[in-house]
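Asks: structure-v9.pdb (PDB, C-alpha atoms and all ligand atoms) pasted underneath:
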ATOM      1  CA  MET A 178       0.000   0.000   0.000  1.00  0.00           C
ATOM      2  CA  LYS A 179       1.386   3.366  -1.001  1.00  0.00           C
ATOM      3  CA  TYR A 180       0.484   6.251   1.304  1.00  0.00           C
ATOM      4  CA  GLY A 181       0.784   9.964   0.646  1.00  0.00           C
ATOM      5  CA  LEU A 182       1.328  11.804   3.931  1.00  0.00           C
ATOM      6  CA  ILE A 183       0.409  15.425   4.368  1.00  0.00           C
ATOM      7  CA  ALA A 184      -0.049  17.760   7.354  1.00  0.00           C
ATOM      8  CA  ASP A 185      -0.194  21.407   8.381  1.00  0.00           C
ATOM      9  CA  ILE A 186      -2.004  22.481   5.231  1.00  0.00           C
ATOM     10  CA  HIS A 187      -3.230  25.575   7.077  1.00  0.00           C
ATOM     11  CA  ALA A 188      -5.820  26.582   4.494  1.00  0.00           C
ATOM     12  CA  ASN A 189      -3.187  27.097   1.785  1.00  0.00           C
ATOM     13  CA  LEU A 190      -5.080  25.844  -1.274  1.00  0.00           C
ATOM     14  CA  GLU A 191      -2.262  26.576  -3.732  1.00  0.00           C
ATOM     15  CA  ALA A 192       0.192  24.436  -1.753  1.00  0.00           C
ATOM     16  CA  LEU A 193      -2.361  21.656  -1.215  1.00  0.00           C
ATOM     17  CA  THR A 194      -3.271  21.530  -4.908  1.00  0.00           C
ATOM     18  CA  ALA A 195       0.401  21.246  -5.912  1.00  0.00           C
ATOM     19  CA  VAL A 196       1.051  18.482  -3.385  1.00  0.00           C
ATOM     20  CA  LEU A 197      -2.047  16.493  -4.342  1.00  0.00           C
ATOM     21  CA  LYS A 198      -0.952  16.622  -7.990  1.00  0.00           C
ATOM     22  CA  VAL A 199       2.375  15.051  -6.984  1.00  0.00           C
ATOM     23  CA  LEU A 200       0.618  12.367  -4.909  1.00  0.00           C
ATOM     24  CA  GLU A 201      -1.626  11.600  -7.881  1.00  0.00           C
ATOM     25  CA  ASP A 202       1.382  11.340 -10.213  1.00  0.00           C
ATOM     26  CA  GLU A 203       2.981   8.979  -7.696  1.00  0.00           C
ATOM     27  CA  ALA A 204      -0.213   6.867  -7.779  1.00  0.00           C
ATOM     28  CA  VAL A 205      -0.655   6.717  -3.992  1.00  0.00           C
ATOM     29  CA  ASP A 206      -3.420   4.412  -2.793  1.00  0.00           C
ATOM     30  CA  ARG A 207      -4.409   6.493   0.208  1.00  0.00           C
ATOM     31  CA  VAL A 208      -3.796   9.989   1.539  1.00  0.00           C
ATOM     32  CA  VAL A 209      -3.167  10.422   5.261  1.00  0.00           C
ATOM     33  CA  CYS A 210      -3.447  13.849   6.900  1.00  0.00           C
ATOM     34  CA  ALA A 211      -1.804  14.419  10.276  1.00  0.00           C
ATOM     35  CA  GLY A 212      -3.765  17.517  11.205  1.00  0.00           C
ATOM     36  CA  ASP A 213      -4.135  21.289  10.815  1.00  0.00           C
ATOM     37  CA  ILE A 214      -6.074  21.433   7.578  1.00  0.00           C
ATOM     38  CA  ILE A 215      -7.091  24.974   8.548  1.00  0.00           C
ATOM     39  CA  GLY A 216      -5.839  28.069  10.401  1.00  0.00           C
ATOM     40  CA  TYR A 217      -3.518  30.834   9.028  1.00  0.00           C
ATOM     41  CA  GLY A 218      -4.446  30.652   5.323  1.00  0.00           C
ATOM     42  CA  ALA A 219      -7.269  32.085   3.222  1.00  0.00           C
ATOM     43  CA  ASP A 220      -8.990  28.937   1.894  1.00  0.00           C
ATOM     44  CA  PRO A 221     -10.263  26.838   4.811  1.00  0.00           C
ATOM     45  CA  ARG A 222     -13.477  25.662   3.130  1.00  0.00           C
ATOM     46  CA  GLU A 223     -11.771  24.646  -0.099  1.00  0.00           C
ATOM     47  CA  CYS A 224      -8.996  22.806   1.745  1.00  0.00           C
ATOM     48  CA  ILE A 225     -11.507  20.880   3.864  1.00  0.00           C
ATOM     49  CA  ALA A 226     -13.450  20.002   0.697  1.00  0.00           C
ATOM     50  CA  ARG A 227     -10.312  18.691  -1.033  1.00  0.00           C
ATOM     51  CA  VAL A 228      -9.326  16.526   1.931  1.00  0.00           C
ATOM     52  CA  ARG A 229     -12.886  15.198   2.256  1.00  0.00           C
ATOM     53  CA  ASP A 230     -13.095  14.397  -1.452  1.00  0.00           C
ATOM     54  CA  LEU A 231      -9.965  12.283  -1.143  1.00  0.00           C
ATOM     55  CA  ASP A 232     -11.488  10.322   1.710  1.00  0.00           C
ATOM     56  CA  ALA A 233      -8.160  10.929   3.462  1.00  0.00           C
ATOM     57  CA  ILE A 234      -7.436   9.277   6.797  1.00  0.00           C
ATOM     58  CA  CYS A 235      -7.275  12.260   9.158  1.00  0.00           C
ATOM     59  CA  VAL A 236      -6.401  13.221  12.699  1.00  0.00           C
ATOM     60  CA  ALA A 237      -7.025  16.659  14.189  1.00  0.00           C
ATOM     61  CA  GLY A 238      -4.422  19.365  14.791  1.00  0.00           C
ATOM     62  CA  ASN A 239      -4.525  22.128  17.386  1.00  0.00           C
ATOM     63  CA  HIS A 240      -5.757  24.742  14.889  1.00  0.00           C
ATOM     64  CA  ASP A 241      -8.490  22.376  13.663  1.00  0.00           C
ATOM     65  CA  TYR A 242      -9.750  21.807  17.193  1.00  0.00           C
ATOM     66  CA  ALA A 243      -9.311  25.479  18.131  1.00  0.00           C
ATOM     67  CA  VAL A 244     -11.574  26.553  15.274  1.00  0.00           C
ATOM     68  CA  VAL A 245     -14.373  24.243  16.442  1.00  0.00           C
ATOM     69  CA  GLY A 246     -13.886  25.107  20.128  1.00  0.00           C
ATOM     70  CA  GLN A 247     -12.427  21.751  21.160  1.00  0.00           C
ATOM     71  CA  THR A 248      -9.132  23.132  22.491  1.00  0.00           C
ATOM     72  CA  PRO A 249      -8.435  26.484  24.197  1.00  0.00           C
ATOM     73  CA  ILE A 250      -6.861  29.303  22.180  1.00  0.00           C
ATOM     74  CA  ASP A 251      -5.386  31.352  25.034  1.00  0.00           C
ATOM     75  CA  TYR A 252      -1.879  29.987  24.394  1.00  0.00           C
ATOM     76  CA  PHE A 253      -2.043  30.848  20.660  1.00  0.00           C
ATOM     77  CA  ASN A 254      -0.005  33.866  19.564  1.00  0.00           C
ATOM     78  CA  PRO A 255      -2.121  36.904  18.558  1.00  0.00           C
ATOM     79  CA  PHE A 256      -1.791  36.247  14.808  1.00  0.00           C
ATOM     80  CA  ALA A 257      -2.746  32.591  15.143  1.00  0.00           C
ATOM     81  CA  ARG A 258      -5.678  33.559  17.355  1.00  0.00           C
ATOM     82  CA  GLU A 259      -6.881  36.136  14.843  1.00  0.00           C
ATOM     83  CA  ALA A 260      -6.698  33.498  12.096  1.00  0.00           C
ATOM     84  CA  VAL A 261      -8.651  31.008  14.238  1.00  0.00           C
ATOM     85  CA  LEU A 262     -11.426  33.565  14.829  1.00  0.00           C
ATOM     86  CA  TRP A 263     -11.498  34.506  11.128  1.00  0.00           C
ATOM     87  CA  THR A 264     -11.658  30.816  10.146  1.00  0.00           C
ATOM     88  CA  GLN A 265     -14.542  30.188  12.552  1.00  0.00           C
ATOM     89  CA  ASP A 266     -16.622  32.667  10.551  1.00  0.00           C
ATOM     90  CA  GLN A 267     -15.861  30.923   7.261  1.00  0.00           C
ATOM     91  CA  LEU A 268     -17.042  27.408   8.087  1.00  0.00           C
ATOM     92  CA  GLY A 269     -20.529  26.040   7.625  1.00  0.00           C
ATOM     93  CA  LYS A 270     -22.061  23.383   9.853  1.00  0.00           C
ATOM     94  CA  GLU A 271     -20.908  20.506   7.659  1.00  0.00           C
ATOM     95  CA  GLU A 272     -17.271  21.617   7.730  1.00  0.00           C
ATOM     96  CA  HIS A 273     -17.495  22.318  11.432  1.00  0.00           C
ATOM     97  CA  ASP A 274     -18.815  18.795  12.083  1.00  0.00           C
ATOM     98  CA  PHE A 275     -16.185  17.192   9.859  1.00  0.00           C
ATOM     99  CA  ILE A 276     -13.387  18.917  11.792  1.00  0.00           C
ATOM    100  CA  GLY A 277     -14.971  18.206  15.189  1.00  0.00           C
ATOM    101  CA  GLU A 278     -15.304  14.490  14.455  1.00  0.00           C
ATOM    102  CA  MET A 279     -11.622  13.913  13.706  1.00  0.00           C
ATOM    103  CA  SER A 280      -9.818  12.020  16.469  1.00  0.00           C
ATOM    104  CA  LEU A 281      -6.419  12.901  17.928  1.00  0.00           C
ATOM    105  CA  MET A 282      -4.562   9.701  17.153  1.00  0.00           C
ATOM    106  CA  ARG A 283      -5.100   6.680  14.883  1.00  0.00           C
ATOM    107  CA  GLN A 284      -3.354   3.430  14.128  1.00  0.00           C
ATOM    108  CA  LEU A 285      -3.433   1.636  10.798  1.00  0.00           C
ATOM    109  CA  ASP A 286      -1.290  -0.714   8.745  1.00  0.00           C
ATOM    110  CA  GLY A 287       1.487  -0.821  11.347  1.00  0.00           C
ATOM    111  CA  PHE A 288       1.814   2.909  11.911  1.00  0.00           C
ATOM    112  CA  THR A 289       0.420   5.633  14.147  1.00  0.00           C
ATOM    113  CA  ILE A 290      -0.689   9.090  13.040  1.00  0.00           C
ATOM    114  CA  VAL A 291      -0.876  11.996  15.459  1.00  0.00           C
ATOM    115  CA  HIS A 292      -0.487  15.750  15.087  1.00  0.00           C
ATOM    116  CA  ALA A 293       1.706  16.512  18.110  1.00  0.00           C
ATOM    117  CA  SER A 294       3.418  14.118  20.549  1.00  0.00           C
ATOM    118  CA  PRO A 295       1.833  10.672  20.998  1.00  0.00           C
ATOM    119  CA  GLU A 296       2.232  10.470  24.804  1.00  0.00           C
ATOM    120  CA  ALA A 297      -0.332  13.235  25.346  1.00  0.00           C
ATOM    121  CA  PRO A 298      -1.841  14.221  21.980  1.00  0.00           C
ATOM    122  CA  ALA A 299      -4.309  16.718  23.471  1.00  0.00           C
ATOM    123  CA  GLU A 300      -1.492  18.721  25.084  1.00  0.00           C
ATOM    124  CA  TRP A 301      -0.009  19.633  21.699  1.00  0.00           C
ATOM    125  CA  ASN A 302       3.621  19.170  22.698  1.00  0.00           C
ATOM    126  CA  TYR A 303       6.236  19.532  19.978  1.00  0.00           C
ATOM    127  CA  VAL A 304       8.763  16.816  19.162  1.00  0.00           C
ATOM    128  CA  TYR A 305      11.893  18.858  18.356  1.00  0.00           C
ATOM    129  CA  SER A 306      14.651  17.087  20.292  1.00  0.00           C
ATOM    130  CA  THR A 307      15.841  13.510  20.630  1.00  0.00           C
ATOM    131  CA  HIS A 308      14.853  13.771  24.306  1.00  0.00           C
ATOM    132  CA  GLU A 309      11.268  14.592  23.327  1.00  0.00           C
ATOM    133  CA  ALA A 310      11.342  11.890  20.659  1.00  0.00           C
ATOM    134  CA  ALA A 311      12.536   9.286  23.193  1.00  0.00           C
ATOM    135  CA  ARG A 312       9.521  10.072  25.384  1.00  0.00           C
ATOM    136  CA  SER A 313       7.260   9.729  22.349  1.00  0.00           C
ATOM    137  CA  PHE A 314       8.769   6.358  21.384  1.00  0.00           C
ATOM    138  CA  ASP A 315       7.895   5.052  24.877  1.00  0.00           C
ATOM    139  CA  ALA A 316       4.244   5.895  24.266  1.00  0.00           C
ATOM    140  CA  LEU A 317       3.952   4.231  20.850  1.00  0.00           C
ATOM    141  CA  GLU A 318       2.536   0.786  20.114  1.00  0.00           C
ATOM    142  CA  THR A 319       3.750   0.764  16.511  1.00  0.00           C
ATOM    143  CA  ARG A 320       7.305   0.845  15.094  1.00  0.00           C
ATOM    144  CA  LEU A 321       6.453   3.763  12.864  1.00  0.00           C
ATOM    145  CA  CYS A 322       4.730   7.033  13.678  1.00  0.00           C
ATOM    146  CA  PHE A 323       3.954  10.030  11.497  1.00  0.00           C
ATOM    147  CA  ASN A 324       3.519  13.338  13.271  1.00  0.00           C
ATOM    148  CA  ALA A 325       3.534  17.035  12.407  1.00  0.00           C
ATOM    149  CA  HIS A 326       2.991  20.313  14.347  1.00  0.00           C
ATOM    150  CA  SER A 327       6.549  21.729  14.168  1.00  0.00           C
ATOM    151  CA  HIS A 328       6.306  22.336  10.387  1.00  0.00           C
ATOM    152  CA  ILE A 329       9.855  20.973  10.127  1.00  0.00           C
ATOM    153  CA  ALA A 330      10.490  17.771   8.173  1.00  0.00           C
ATOM    154  CA  VAL A 331      12.657  15.394  10.221  1.00  0.00           C
ATOM    155  CA  VAL A 332      13.085  11.696  11.011  1.00  0.00           C
ATOM    156  CA  PHE A 333      13.852  10.338  14.494  1.00  0.00           C
ATOM    157  CA  VAL A 334      15.134   6.774  14.737  1.00  0.00           C
ATOM    158  CA  ALA A 335      15.369   4.611  17.865  1.00  0.00           C
ATOM    159  CA  ASN A 336      17.822   1.733  17.762  1.00  0.00           C
ATOM    160  CA  GLY A 337      19.065   1.536  21.329  1.00  0.00           C
ATOM    161  CA  SER A 338      19.590   5.287  21.454  1.00  0.00           C
ATOM    162  CA  CYS A 339      17.549   7.960  19.756  1.00  0.00           C
ATOM    163  CA  ARG A 340      18.995   9.896  16.793  1.00  0.00           C
ATOM    164  CA  THR A 341      17.856  12.555  14.349  1.00  0.00           C
ATOM    165  CA  LEU A 342      18.158  11.930  10.620  1.00  0.00           C
ATOM    166  CA  ALA A 343      17.831  14.466   7.817  1.00  0.00           C
ATOM    167  CA  PRO A 344      14.544  14.041   5.943  1.00  0.00           C
ATOM    168  CA  ALA A 345      15.910  11.896   3.101  1.00  0.00           C
ATOM    169  CA  ASP A 346      14.565   8.974   1.090  1.00  0.00           C
ATOM    170  CA  MET A 347      15.286   5.862   3.121  1.00  0.00           C
ATOM    171  CA  PRO A 348      14.253   2.302   3.803  1.00  0.00           C
ATOM    172  CA  ILE A 349      12.497   1.558   7.112  1.00  0.00           C
ATOM    173  CA  SER A 350      14.479  -1.112   8.929  1.00  0.00           C
ATOM    174  CA  PRO A 351      12.212  -3.622  10.722  1.00  0.00           C
ATOM    175  CA  GLN A 352      14.606  -3.680  13.708  1.00  0.00           C
ATOM    176  CA  TYR A 353      14.305   0.050  14.380  1.00  0.00           C
ATOM    177  CA  ARG A 354      11.523   2.413  15.332  1.00  0.00           C
ATOM    178  CA  TYR A 355      10.820   5.724  13.590  1.00  0.00           C
ATOM    179  CA  ILE A 356       8.981   8.978  14.140  1.00  0.00           C
ATOM    180  CA  VAL A 357       8.637  10.833  10.856  1.00  0.00           C
ATOM    181  CA  ASN A 358       7.546  14.437  10.608  1.00  0.00           C
ATOM    182  CA  MET A 359       6.559  15.001   6.974  1.00  0.00           C
ATOM    183  CA  GLY A 360       6.860  18.789   7.292  1.00  0.00           C
ATOM    184  CA  SER A 361       4.176  21.295   6.385  1.00  0.00           C
ATOM    185  CA  VAL A 362       2.196  21.582   3.163  1.00  0.00           C
ATOM    186  CA  GLY A 363       1.004  25.137   3.664  1.00  0.00           C
ATOM    187  CA  GLN A 364       3.447  26.894   5.989  1.00  0.00           C
ATOM    188  CA  PRO A 365       6.924  25.278   6.083  1.00  0.00           C
ATOM    189  CA  ARG A 366       9.210  26.601   8.822  1.00  0.00           C
ATOM    190  CA  ASP A 367      12.516  25.028   7.860  1.00  0.00           C
ATOM    191  CA  GLY A 368      13.736  27.847   5.627  1.00  0.00           C
ATOM    192  CA  ASP A 369      12.453  26.226   2.414  1.00  0.00           C
ATOM    193  CA  TYR A 370       9.190  27.792   1.262  1.00  0.00           C
ATOM    194  CA  ARG A 371       8.227  24.790  -0.924  1.00  0.00           C
ATOM    195  CA  ALA A 372       5.372  22.565   0.257  1.00  0.00           C
ATOM    196  CA  SER A 373       6.485  19.413   2.052  1.00  0.00           C
ATOM    197  CA  CYS A 374       5.019  15.900   1.976  1.00  0.00           C
ATOM    198  CA  CYS A 375       6.068  12.288   2.292  1.00  0.00           C
ATOM    199  CA  LEU A 376       5.424   8.958   0.583  1.00  0.00           C
ATOM    200  CA  TYR A 377       5.423   5.708   2.509  1.00  0.00           C
ATOM    201  CA  ASP A 378       5.195   2.277   0.912  1.00  0.00           C
ATOM    202  CA  SER A 379       4.114  -0.316   3.495  1.00  0.00           C
ATOM    203  CA  GLY A 380       4.945  -3.140   1.054  1.00  0.00           C
ATOM    204  CA  THR A 381       8.587  -2.204   0.477  1.00  0.00           C
ATOM    205  CA  PHE A 382       9.047  -0.323   3.802  1.00  0.00           C
ATOM    206  CA  SER A 383      10.427   2.764   2.163  1.00  0.00           C
ATOM    207  CA  LEU A 384      10.055   6.472   2.836  1.00  0.00           C
ATOM    208  CA  GLN A 385      10.350   9.262   0.313  1.00  0.00           C
ATOM    209  CA  MET A 386      10.374  12.917   1.365  1.00  0.00           C
ATOM    210  CA  LYS A 387       9.233  15.476  -1.210  1.00  0.00           C
ATOM    211  CA  ARG A 388       9.336  19.246  -1.646  1.00  0.00           C
ATOM    212  CA  VAL A 389       6.920  20.783  -4.129  1.00  0.00           C
ATOM    213  CA  GLU A 390       6.912  24.204  -5.834  1.00  0.00           C
ATOM    214  CA  TYR A 391       3.613  26.063  -5.677  1.00  0.00           C
ATOM    215  CA  ASP A 392       2.143  29.490  -6.413  1.00  0.00           C
ATOM    216  CA  VAL A 393       3.253  31.111  -3.164  1.00  0.00           C
ATOM    217  CA  ASP A 394       2.525  34.636  -4.456  1.00  0.00           C
ATOM    218  CA  LEU A 395      -1.134  33.815  -5.015  1.00  0.00           C
ATOM    219  CA  ALA A 396      -1.429  32.242  -1.537  1.00  0.00           C
ATOM    220  CA  ARG A 397       0.168  35.361  -0.007  1.00  0.00           C
ATOM    221  CA  ARG A 398      -2.101  37.729  -1.943  1.00  0.00           C
ATOM    222  CA  LYS A 399      -5.211  35.865  -0.805  1.00  0.00           C
ATOM    223  CA  ILE A 400      -4.161  36.143   2.860  1.00  0.00           C
ATOM    224  CA  ILE A 401      -3.774  39.913   2.529  1.00  0.00           C
ATOM    225  CA  GLU A 402      -7.024  40.296   0.572  1.00  0.00           C
ATOM    226  CA  ALA A 403      -8.890  38.273   3.222  1.00  0.00           C
ATOM    227  CA  GLY A 404      -7.813  40.793   5.847  1.00  0.00           C
ATOM    228  CA  LEU A 405      -5.708  38.275   7.752  1.00  0.00           C
ATOM    229  CA  PRO A 406      -2.494  39.515   9.453  1.00  0.00           C
ATOM    230  CA  HIS A 407       0.159  40.422   6.840  1.00  0.00           C
ATOM    231  CA  VAL A 408       2.813  38.558   8.786  1.00  0.00           C
ATOM    232  CA  LEU A 409       1.049  35.308   7.841  1.00  0.00           C
ATOM    233  CA  ALA A 410       1.601  36.165   4.171  1.00  0.00           C
ATOM    234  CA  LEU A 411       5.209  37.280   4.628  1.00  0.00           C
ATOM    235  CA  ARG A 412       6.331  34.147   6.421  1.00  0.00           C
ATOM    236  CA  LEU A 413       5.229  31.897   3.526  1.00  0.00           C
ATOM    237  CA  LEU A 414       7.978  33.162   1.254  1.00  0.00           C
ATOM    238  CA  ARG A 415      10.601  32.955   3.977  1.00  0.00           C
ATOM    239  CA  GLY A 416       9.615  29.437   4.983  1.00  0.00           C
ATOM    240  CA  GLU A 417       9.404  30.422   8.641  1.00  0.00           C
TER
HETATM  241 ZN    ZN B   1       0.329  23.589  12.204  1.00  0.00          ZN
END
Output the structure of this file as structure tokens.

Replies:
Amino acid sequence: MKYGLIADIHANLEALTAVLKVLEDEAVDRVVCAGDIIGYGADPRECIARVRDLDAICVAGNHDYAVVGQTPIDYFNPFAREAVLWTQDQLGKEEHDFIGEMSLMRQLDGFTIVHASPEAPAEWNYVYSTHEAARSFDALETRLCFNAHSHIAVVFVANGSCRTLAPADMPISPQYRYIVNMGSVGQPRDGDYRASCCLYDSGTFSLQMKRVEYDVDLARRKIIEAGLPHVLALRLLRGE
């Protein structure tokens, strides 16, 4: 089974469209979304519709749950909070229900999907360090986990100790355990503005990390035209 893994779309329709084209060209069998379809960008309804049309396997992110009132927004920075409130006004009941019904963590085909850290998914902790990854490995029931939230593509591997690997194409060794962050589709923060996604083949146990060019100028213009904070448009080009 060939999976296309996406996360942190953040209502960036241009980035999502470009990534889905790549996943289609790669003939993936199933799309998996590790949360944050919405928040920050100008096209929440369209992005939800695209993900629903794909019948993607989804878990919720903190922005998703914030928009439907299922997680508090007091710890959000002012720009994120403004985007959450703006997004709330955009959604109809159907979209609201779709977002609210997503769970925090799922297991399928030998892997786990979760937006933040698997030991306490509702607390939205980041997995940046090997220390944080080691704690996450302890909480996992599968050898492989895909997470998101940091918007930084990275692979953690546990084989006795816990190490960080650059997000490269690699085989998954059955003796080791992995936490793979596929990076962000709609708001990368690793200095590369291109949309990020990942392919995983559960038959050959191989990972492929991808970066995809998209119309970042159009996405930026839409954010400004929607009246969202300009900083949310600026950061797209900087990949931060
Ligand atoms: Zn996010």

Asks: Can you work out which one of A:Leu342, A:Ala243, A:Leu384, A:Ala204 has the shortest atom-to-atom distance to ligand ZN 1 (chain B), counting all atoms listed in the file?

Replies: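 Smallest distance to ligand ZN 1 (chain B) is found for A:Ala243.
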
Asks: Using the chain letters and numbers from this file, what does the PyMOL selection byres (((chain A and resi 293) around 10) and not hetatm) select? Give the answer as a PyMOL selection string.

Replies: chain A and resi 211-212+237-239+281-282+290-292+294-304+313+323-327+358

Asks: I need the residue set behind the PyMOL selection byres (((chain A and resi 276) around 9) and not hetatm) for this file; please write it as an MDAnalysis selection string.

Replies: chainID A and resid 214 225 237 241:242 244:245 271:275 277:279

Asks: I'd like to know which of A:Asp346, A:Asp378, A:Asp232, A:Asp220 is closest to Thr194 in chain A, using all atoms listed in the file.

Replies: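 Ranked by minimum distance to Thr194 in chain A, first place goes to A:Asp220.
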
Asks: Starting from the shown file, work through the PyMOL selection byres (((chain A and resi 361) around 9) and not hetatm) and note down what comes out as an MDAnalysis selection string.

Replies: chainID A and resid 183:187 325:330 358:360 362:366 372:374

Asks: Considering only C-alpha atoms and all ligand atoms, state which residue in the set A:Glu402, A:Glu417, A:Asp392, A:Asp213 is at the smallest distance from ligand ZN 1 (chain B).

Replies: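 The closest residue to ligand ZN 1 (chain B) is A:Asp213.
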
Asks: So, counting all atoms listed in the file, which residue among A:Ala192, A:Leu231, A:Leu395, A:Ala335 is closest to Val205 in chain A?

Replies: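 Comparing A:Ala192, A:Leu231, A:Leu395, A:Ala335 against Val205 in chain A, the winner is A:Leu231.
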
Asks: Can you measure CA of Ile400 in chain A to CA of Ala219 in chain A for me? One decimal in Å is fine.

Replies: 5.1 Å

Asks: Near Leu376 in chain A, within 8 Å and counting all atoms listed in the file, which residues show up once chain neighbours fewer than 3 positions away are dropped, as JSON, numbers by chain?

Replies: {"A": [179, 180, 181, 182, 205, 384, 385, 386, 387]}

Asks: Hey, what's within 8 Å of range 379-382 of chain A if we count only C-alpha atoms and toss same-chain stuff fewer than 3 positions away? As a CSV table (one decimal) with C-alpha atoms, in the coordinates of the input, please?

Replies:
chain,number,residue,atom,x,y,z
A,178,MET,CA,0.0,0.0,0.0
A,179,LYS,CA,1.4,3.4,-1.0
A,180,TYR,CA,0.5,6.3,1.3
A,286,ASP,CA,-1.3,-0.7,8.7
A,348,PRO,CA,14.3,2.3,3.8
A,349,ILE,CA,12.5,1.6,7.1
A,350,SER,CA,14.5,-1.1,8.9

Asks: For a test of reading the model, state the distance in Å between CA of Thr289 in chain A and CA of Glu191 in chain A, rounded to one decimal.

Replies: 27.7 Å

Asks: For the atom pair CA of Leu200 in chain A and CA of Pro344 in chain A, what is the interatomic distance in Å to one decimal place?

Replies: 17.7 Å

Asks: Using only C-alpha atoms, which of A:Ile215, A:Ala403, A:Ala316, A:Leu413 sits nearest Leu268 in chain A?

Replies: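 Of all the options, A:Ile215 lies closest to Leu268 in chain A.
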
Asks: Counting only C-alpha atoms and all ligand atoms, which of A:Leu193, A:Ile356, A:Gly216, A:Asp202 gets nearest to ligand ZN 1 (chain B)?

Replies: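 When distances to ligand ZN 1 (chain B) are compared using only C-alpha atoms and all ligand atoms, the smallest one comes from A:Gly216.
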